[in-house]
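A.B. asks: Below is the file work22.csv, with CSV, C-alpha atoms.
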chain,number,residue,atom,x,y,z
A,1,MET,CA,19.1,123.3,-75.7
A,2,GLU,CA,15.6,122.5,-74.3
A,3,GLU,CA,14.8,120.6,-71.2
A,4,GLU,CA,15.6,116.8,-71.1
A,5,PHE,CA,12.9,114.2,-71.0
A,6,TYR,CA,12.5,110.5,-71.7
A,7,ALA,CA,11.3,109.6,-75.2
A,8,THR,CA,10.5,106.7,-77.5
A,9,ILE,CA,11.8,107.6,-81.0
A,10,LYS,CA,11.0,105.9,-84.3
A,11,LEU,CA,13.8,106.5,-86.8
A,12,SER,CA,13.6,106.6,-90.5
A,13,SER,CA,15.8,103.5,-90.5
A,14,GLY,CA,13.0,101.6,-88.8
A,15,GLU,CA,14.7,101.4,-85.5
A,16,GLU,CA,12.9,102.2,-82.3
A,17,ILE,CA,14.9,103.6,-79.4
A,18,VAL,CA,14.3,104.8,-75.9
A,19,ALA,CA,16.5,107.5,-74.4
A,20,LYS,CA,16.7,110.6,-72.4
A,21,VAL,CA,16.6,113.4,-75.0
A,22,SER,CA,16.9,117.1,-75.5
A,23,TYR,CA,16.1,119.2,-78.6
A,24,ASP,CA,18.6,121.7,-79.9
A,25,PRO,CA,16.6,124.2,-82.1
A,26,ASP,CA,19.7,126.0,-83.2
A,27,ASP,CA,21.1,123.0,-85.1
A,28,ASP,CA,17.7,121.3,-85.5
A,29,VAL,CA,19.0,118.1,-83.9
A,30,VAL,CA,17.9,115.8,-81.1
A,31,VAL,CA,20.6,114.9,-78.6
A,32,VAL,CA,20.0,111.4,-77.1
A,33,PHE,CA,21.6,110.1,-73.9
A,34,GLN,CA,22.1,106.3,-73.4
A,35,PRO,CA,19.8,105.3,-76.2
A,36,ARG,CA,18.7,101.7,-76.2
A,37,LEU,CA,17.3,99.7,-79.1
A,38,VAL,CA,13.8,98.3,-78.5
A,39,SER,CA,13.1,94.8,-79.8
A,40,LYS,CA,9.9,92.8,-79.7
A,41,THR,CA,10.1,89.6,-77.8
A,42,GLN,CA,7.7,86.8,-76.7
A,43,VAL,CA,8.0,84.9,-73.5
A,44,LYS,CA,5.9,82.1,-72.0
A,45,ARG,CA,4.5,82.7,-68.6
A,46,LYS,CA,2.5,80.0,-66.9
A,47,GLY,CA,1.9,78.4,-70.3
A,48,VAL,CA,0.7,81.6,-72.0
A,49,LYS,CA,2.6,83.4,-74.6
A,50,VAL,CA,3.1,87.1,-73.7
A,51,ASP,CA,4.3,89.7,-76.1
A,52,GLY,CA,6.7,92.3,-74.8
A,53,PHE,CA,9.9,94.1,-75.6
A,54,GLU,CA,13.5,94.2,-74.5
A,55,PHE,CA,16.4,96.6,-74.7
A,56,SER,CA,19.8,96.2,-76.2
A,57,CYS,CA,22.7,98.6,-77.1
A,58,TRP,CA,21.9,100.8,-80.0
A,59,MET,CA,25.6,101.5,-80.9
A,60,ASN,CA,27.7,98.5,-80.1
A,61,ALA,CA,31.2,99.7,-81.3
A,62,THR,CA,31.5,102.7,-78.9
A,63,HIS,CA,31.6,103.5,-75.2
A,64,ASP,CA,30.0,106.9,-75.9
A,65,ASP,CA,26.6,107.5,-74.3
A,66,MET,CA,25.5,110.7,-76.1
A,67,PHE,CA,24.6,110.9,-79.8
A,68,ILE,CA,23.2,113.6,-82.1
A,69,ILE,CA,20.4,112.7,-84.5
A,70,PRO,CA,19.2,115.1,-87.2
A,71,ARG,CA,15.5,115.8,-86.8
A,72,SER,CA,15.1,114.8,-90.5
A,73,GLN,CA,16.0,111.2,-89.5
A,74,ILE,CA,13.1,111.0,-86.9
A,75,ILE,CA,9.7,109.8,-88.0
A,76,THR,CA,8.0,110.3,-84.7
A,77,MET,CA,8.9,110.9,-81.0
A,78,ILE,CA,6.7,110.5,-78.0
A,79,GLU,CA,7.3,111.2,-74.3
A,80,THR,CA,7.8,107.8,-72.6
A,81,ASP,CA,5.3,106.6,-69.9
A,82,ALA,CA,6.6,106.2,-66.3
A,83,PRO,CA,6.5,102.3,-66.3
A,84,ILE,CA,8.7,102.2,-69.4
A,85,VAL,CA,11.0,104.8,-68.0
A,86,ASN,CA,11.3,102.7,-64.8
A,87,PHE,CA,12.1,99.6,-66.9
A,88,TYR,CA,14.6,101.5,-68.9
A,89,GLU,CA,16.4,102.9,-65.8
A,90,ALA,CA,16.4,99.4,-64.2
A,91,TYR,CA,18.0,98.0,-67.4
A,92,LEU,CA,20.7,100.8,-67.4
A,93,LYS,CA,21.4,100.1,-63.7
A,94,ARG,CA,21.7,96.4,-64.2
A,95,LYS,CA,24.0,96.8,-67.2
A,96,SER,CA,26.2,99.3,-65.3
A,97,ILE,CA,26.6,96.7,-62.5
A,98,GLU,CA,27.4,94.0,-65.0
A,99,GLU,CA,30.0,96.2,-66.7
A,100,GLU,CA,31.6,97.0,-63.3
A,101,GLN,CA,31.8,93.3,-62.5
A,102,LEU,CA,33.5,92.6,-65.8
A,103,ARG,CA,36.0,95.3,-65.2
A,104,ASN,CA,36.6,93.8,-61.7
A,105,GLY,CA,37.1,90.3,-62.9
A,106,GLY,CA,33.5,89.2,-62.2
A,107,ILE,CA,33.9,89.9,-58.5
A,108,PRO,CA,31.5,92.5,-57.0
A,109,GLY,CA,33.3,95.2,-55.2
A,110,ASN,CA,36.8,94.0,-56.4
A,111,ARG,CA,38.6,97.2,-57.5
A,112,ARG,CA,41.5,95.8,-59.4
A,113,ASP,CA,43.0,97.6,-62.3
A,114,SER,CA,41.1,96.7,-65.5
A,115,ARG,CA,44.3,96.9,-67.6
A,116,ILE,CA,45.8,93.9,-65.8
A,117,MET,CA,45.2,90.7,-67.8
A,118,ASP,CA,44.6,87.3,-66.3
A,119,GLY,CA,46.9,84.7,-67.8
A,120,TYR,CA,49.7,84.8,-70.3
A,121,ILE,CA,50.1,85.5,-74.0
A,122,THR,CA,52.2,82.9,-75.8
A,123,SER,CA,52.5,80.9,-78.9
A,124,THR,CA,50.8,77.5,-79.3
A,125,LYS,CA,54.1,75.7,-79.5
A,126,GLU,CA,55.4,77.3,-76.3
A,127,ALA,CA,52.2,76.7,-74.4
A,128,ARG,CA,52.1,73.1,-75.5
A,129,SER,CA,55.7,72.6,-74.3
A,130,ILE,CA,54.9,74.1,-70.9
A,131,LEU,CA,51.7,72.0,-70.5
A,132,GLU,CA,53.5,68.8,-71.5
A,133,GLU,CA,56.2,69.6,-69.0
A,134,ILE,CA,53.6,70.1,-66.2
A,135,TYR,CA,51.8,66.9,-67.3
A,136,ASN,CA,55.1,64.8,-67.2
A,137,LYS,CA,56.0,66.1,-63.8
A,138,SER,CA,52.6,65.1,-62.3
Kindly present the structure from the file in C-alpha coordinates form.

C.D. replies:
Amino acid sequence: MEEEFYATIKLSSGEEIVAKVSYDPDDDVVVVFQPRLVSKTQVKRKGVKVDGFEFSCWMNATHDDMFIIPRSQIITMIETDAPIVNFYEAYLKRKSIEEEQLRNGGIPGNRRDSRIMDGYITSTKEARSILEEIYNKS
(Lines of atoms letter the chains of each structure in order from A and count residues from 1; the text may use other names and numbers.)
(Lines give C-alpha, C1' and ligand atoms only; values in the text may rest on other atoms or scores of the structure.)
Protein backbone atom coordinates (compact mmCIF):
# COMPACT_ATOMS: atom_id res chain seq x y z
CA MET A 1 0.00 0.00 0.00
CA GLU A 2 1.43 3.36 -1.00
CA GLU A 3 1.32 6.61 0.97
CA GLU A 4 -2.09 8.25 1.52
CA PHE A 5 -3.00 11.56 -0.09
CA TYR A 6 -6.14 13.55 -0.88
CA ALA A 7 -7.43 13.14 -4.42
CA THR A 8 -10.24 14.14 -6.71
CA ILE A 9 -11.30 11.12 -8.74
CA LYS A 10 -13.44 10.95 -11.89
CA LEU A 11 -15.03 7.51 -12.16
CA SER A 12 -16.16 5.78 -15.33
CA SER A 13 -19.74 6.10 -14.01
CA GLY A 14 -19.40 9.89 -14.38
CA GLU A 15 -19.26 10.50 -10.64
CA GLU A 16 -16.62 12.80 -9.20
CA ILE A 17 -15.47 12.11 -5.65
CA VAL A 18 -12.99 13.61 -3.21
CA ALA A 19 -11.33 11.32 -0.68
CA LYS A 20 -8.16 10.37 1.09
CA VAL A 21 -6.72 7.62 -1.10
CA SER A 22 -3.99 5.03 -1.26
CA TYR A 23 -2.96 2.85 -4.18
CA ASP A 24 -2.46 -0.88 -3.73
CA PRO A 25 -0.26 -2.04 -6.62
CA ASP A 26 -0.55 -5.72 -5.63
CA ASP A 27 -4.30 -5.77 -6.37
CA ASP A 28 -4.30 -2.79 -8.78
CA VAL A 29 -6.97 -1.01 -6.73
CA VAL A 30 -7.39 2.37 -5.12
CA VAL A 31 -8.54 2.39 -1.51
CA VAL A 32 -10.65 5.46 -0.71
CA PHE A 33 -11.39 6.72 2.80
CA GLN A 34 -14.50 8.83 3.53
CA PRO A 35 -15.28 9.54 -0.14
CA ARG A 36 -17.69 12.37 -0.83
CA LEU A 37 -19.61 12.95 -4.03
CA VAL A 38 -18.99 16.32 -5.65
CA SER A 39 -22.02 18.12 -7.11
CA LYS A 40 -22.11 21.43 -8.95
CA THR A 41 -24.17 24.12 -7.31
CA GLN A 42 -25.02 27.75 -7.94
CA VAL A 43 -25.59 30.29 -5.20
CA LYS A 44 -26.50 33.95 -5.26
CA ARG A 45 -24.17 36.25 -3.36
CA LYS A 46 -24.90 39.96 -3.28
CA GLY A 47 -27.11 39.55 -6.34
CA VAL A 48 -24.46 37.73 -8.37
CA LYS A 49 -24.73 34.06 -9.31
CA VAL A 50 -21.63 32.14 -8.26
CA ASP A 51 -20.83 28.63 -9.48
CA GLY A 52 -19.41 26.23 -6.94
CA PHE A 53 -19.66 22.69 -5.65
CA GLU A 54 -20.90 20.84 -2.61
CA PHE A 55 -20.28 17.46 -1.02
CA SER A 56 -22.70 14.68 -0.20
CA CYS A 57 -22.41 11.05 0.82
CA TRP A 58 -21.16 8.82 -1.97
CA MET A 59 -22.58 5.59 -0.51
CA ASN A 60 -25.77 6.28 1.44
CA ALA A 61 -26.78 2.79 2.58
CA THR A 62 -23.71 2.04 4.70
CA HIS A 63 -21.77 3.33 7.67
CA ASP A 64 -18.47 2.08 6.23
CA ASP A 65 -15.91 4.74 5.44
CA MET A 66 -13.41 2.71 3.39
CA PHE A 67 -14.06 1.45 -0.14
CA ILE A 68 -12.00 -0.33 -2.77
CA ILE A 69 -12.23 0.86 -6.37
CA PRO A 70 -10.62 -1.13 -9.21
CA ARG A 71 -8.24 1.09 -11.12
CA SER A 72 -10.09 0.14 -14.33
CA GLN A 73 -13.13 2.13 -13.02
CA ILE A 74 -11.12 5.35 -12.69
CA ILE A 75 -10.89 7.74 -15.63
CA THR A 76 -8.54 10.18 -13.94
CA MET A 77 -7.26 11.11 -10.50
CA ILE A 78 -5.50 14.26 -9.37
CA GLU A 79 -4.03 15.32 -6.06
CA THR A 80 -6.44 17.77 -4.42
CA ASP A 81 -5.37 21.37 -3.75
CA ALA A 82 -5.09 22.62 -0.15
CA PRO A 83 -8.20 24.89 -0.22
CA ILE A 84 -10.38 21.98 -1.37
CA VAL A 85 -8.81 19.65 1.21
CA ASN A 86 -9.63 22.23 3.90
CA PHE A 87 -13.23 22.49 2.62
CA TYR A 88 -13.50 18.67 2.57
CA GLU A 89 -12.13 18.29 6.11
CA ALA A 90 -14.44 21.03 7.40
CA TYR A 91 -17.39 19.21 5.78
CA LEU A 92 -16.39 15.91 7.44
CA LYS A 93 -16.02 17.62 10.82
CA ARG A 94 -19.42 19.33 10.52
CA LYS A 95 -21.09 16.04 9.49
CA SER A 96 -19.43 14.23 12.40
CA ILE A 97 -20.80 16.81 14.85
CA GLU A 98 -24.28 16.56 13.29
CA GLU A 99 -24.24 12.75 13.54
CA GLU A 100 -23.16 12.91 17.18
CA GLN A 101 -25.97 15.34 17.94
CA LEU A 102 -28.47 12.99 16.28
CA ARG A 103 -27.19 10.08 18.36
CA ASN A 104 -27.54 12.24 21.48
CA GLY A 105 -31.07 13.39 20.80
CA GLY A 106 -30.04 16.67 19.18
CA ILE A 107 -28.41 17.91 22.38
CA PRO A 108 -24.68 18.71 22.10
CA GLY A 109 -22.71 16.88 24.76
CA ASN A 110 -25.62 14.64 25.80
CA ARG A 111 -24.21 11.12 26.01
CA ARG A 112 -27.38 9.09 26.27
CA ASP A 113 -27.59 5.59 24.83
CA SER A 114 -28.53 5.86 21.14
CA ARG A 115 -30.47 2.57 21.38
CA ILE A 116 -33.09 4.19 23.64
CA MET A 117 -36.11 5.39 21.70
CA ASP A 118 -38.11 8.50 22.55
CA GLY A 119 -41.83 7.75 22.69
CA TYR A 120 -43.83 4.58 22.34
CA ILE A 121 -44.73 2.15 19.60
CA THR A 122 -48.40 1.29 19.48
CA SER A 123 -51.29 0.72 17.11
CA THR A 124 -53.32 3.61 15.74
CA LYS A 125 -56.44 2.34 17.50
CA GLU A 126 -54.67 2.13 20.87
CA ALA A 127 -53.04 5.56 20.46
CA ARG A 128 -56.37 7.13 19.52
CA SER A 129 -58.00 5.65 22.62
CA ILE A 130 -55.23 6.97 24.88
CA LEU A 131 -55.33 10.44 23.30
CA GLU A 132 -59.14 10.61 23.53
CA GLU A 133 -58.92 9.67 27.21
CA ILE A 134 -56.36 12.42 27.85
CA TYR A 135 -58.49 14.92 25.93
CA ASN A 136 -61.68 14.00 27.84
CA LYS A 137 -59.91 14.40 31.20
CA SER A 138 -58.71 17.91 30.37

A.B. asks: From the options A:Val32, A:Ala127, A:Leu11, A:Leu102, which residue's atoms come nearest to Asp64 in chain A, counting all atoms listed in the file?

C.D. replies: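 Once distances to Asp64 in chain A are computed over all atoms listed in the file, the minimum belongs to A:Val32.
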
A.B. asks: Give me, please, the distance in Å between CA of Pro35 in chain A and CA of Asp65 in chain A, quoted to one decimal.

C.D. replies: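 Straight-line distance from CA of Pro35 in chain A to CA of Asp65 in chain A works out to 7.4 Å.
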
A.B. asks: Can you work out which one of A:Gln101, A:Ser138, A:Thr124, A:Gln34 has the shortest atom-to-atom distance to Met66 in chain A, counting all atoms listed in the file?

C.D. replies: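 Looking at the shortest contact to Met66 in chain A, the residue is A:Gln34.
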
A.B. asks: What is the distance between CA of Gln73 in chain A and CA of Val29 in chain A, in Å to one decimal?

C.D. replies: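 Answer for the CA of Gln73 in chain A to CA of Val29 in chain A separation: 9.4 Å.
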
A.B. asks: Skipping near chain neighbours, those fewer than 5 positions away, what residues fall within 12 Å of Pro70 in chain A using only C-alpha atoms, listed as a PyMOL selection string?

C.D. replies: chain A and resi 11-12+23-32+75

A.B. asks: Could you please determine the separation between CA of Ser13 in chain A and CA of Phe53 in chain A in Å, to one decimal place?

C.D. replies: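 If I compute the distance from CA of Ser13 in chain A to CA of Phe53 in chain A, I get 18.6 Å.
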
A.B. asks: Which residues are near Tyr88 in chain A? Cut-off 9 Å, only C-alpha atoms, ignore same chain within fewer than 3 positions. Put them as JSON, numbers by chain.

C.D. replies: {"A": [18, 19, 36, 55, 83, 84, 85, 91, 92, 93]}

A.B. asks: Around all the atoms of range 70-76 of chain A listed in the file, draw an axis-aligned box and extend it by 4 Å on each of the six sides; I want its centre and edge lengths in Å to one decimal, as lines of an AutoDock Vina configuration file.

C.D. replies:
center_x = 13.6
center_y = 112.8
center_z = -87.6
size_x = 19.2
size_y = 14.0
size_z = 13.8

A.B. asks: At a cut-off of 12 Å around the point (10.2, 97.7, -86.3) (file coordinates), what residues fall inside when counting all atoms listed in the file? I'd like the answer as a JSON list (two decimals) with C-alpha atoms, in the coordinates of the input.

C.D. replies:
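Output below, filename point-v8.json:
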[["chain", "number", "residue", "atom", "x", "y", "z"],
["A", 9, "ILE", "CA", 11.80, 107.60, -81.00],
["A", 10, "LYS", "CA", 11.00, 105.90, -84.30],
["A", 11, "LEU", "CA", 13.80, 106.50, -86.80],
["A", 12, "SER", "CA", 13.60, 106.60, -90.50],
["A", 13, "SER", "CA", 15.80, 103.50, -90.50],
["A", 14, "GLY", "CA", 13.00, 101.60, -88.80],
["A", 15, "GLU", "CA", 14.70, 101.40, -85.50],
["A", 16, "GLU", "CA", 12.90, 102.20, -82.30],
["A", 17, "ILE", "CA", 14.90, 103.60, -79.40],
["A", 37, "LEU", "CA", 17.30, 99.70, -79.10],
["A", 38, "VAL", "CA", 13.80, 98.30, -78.50],
["A", 39, "SER", "CA", 13.10, 94.80, -79.80],
["A", 40, "LYS", "CA", 9.90, 92.80, -79.70],
["A", 41, "THR", "CA", 10.10, 89.60, -77.80],
["A", 53, "PHE", "CA", 9.90, 94.10, -75.60]]

A.B. asks: Please determine, counting only C-alpha atoms, which residue among A:Ser123, A:Asn136, A:Ser129, A:Thr76 has the shortest atom-to-atom distance to Thr8 in chain A.

C.D. replies: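 Closest to Thr8 in chain A, using only C-alpha atoms: A:Thr76.
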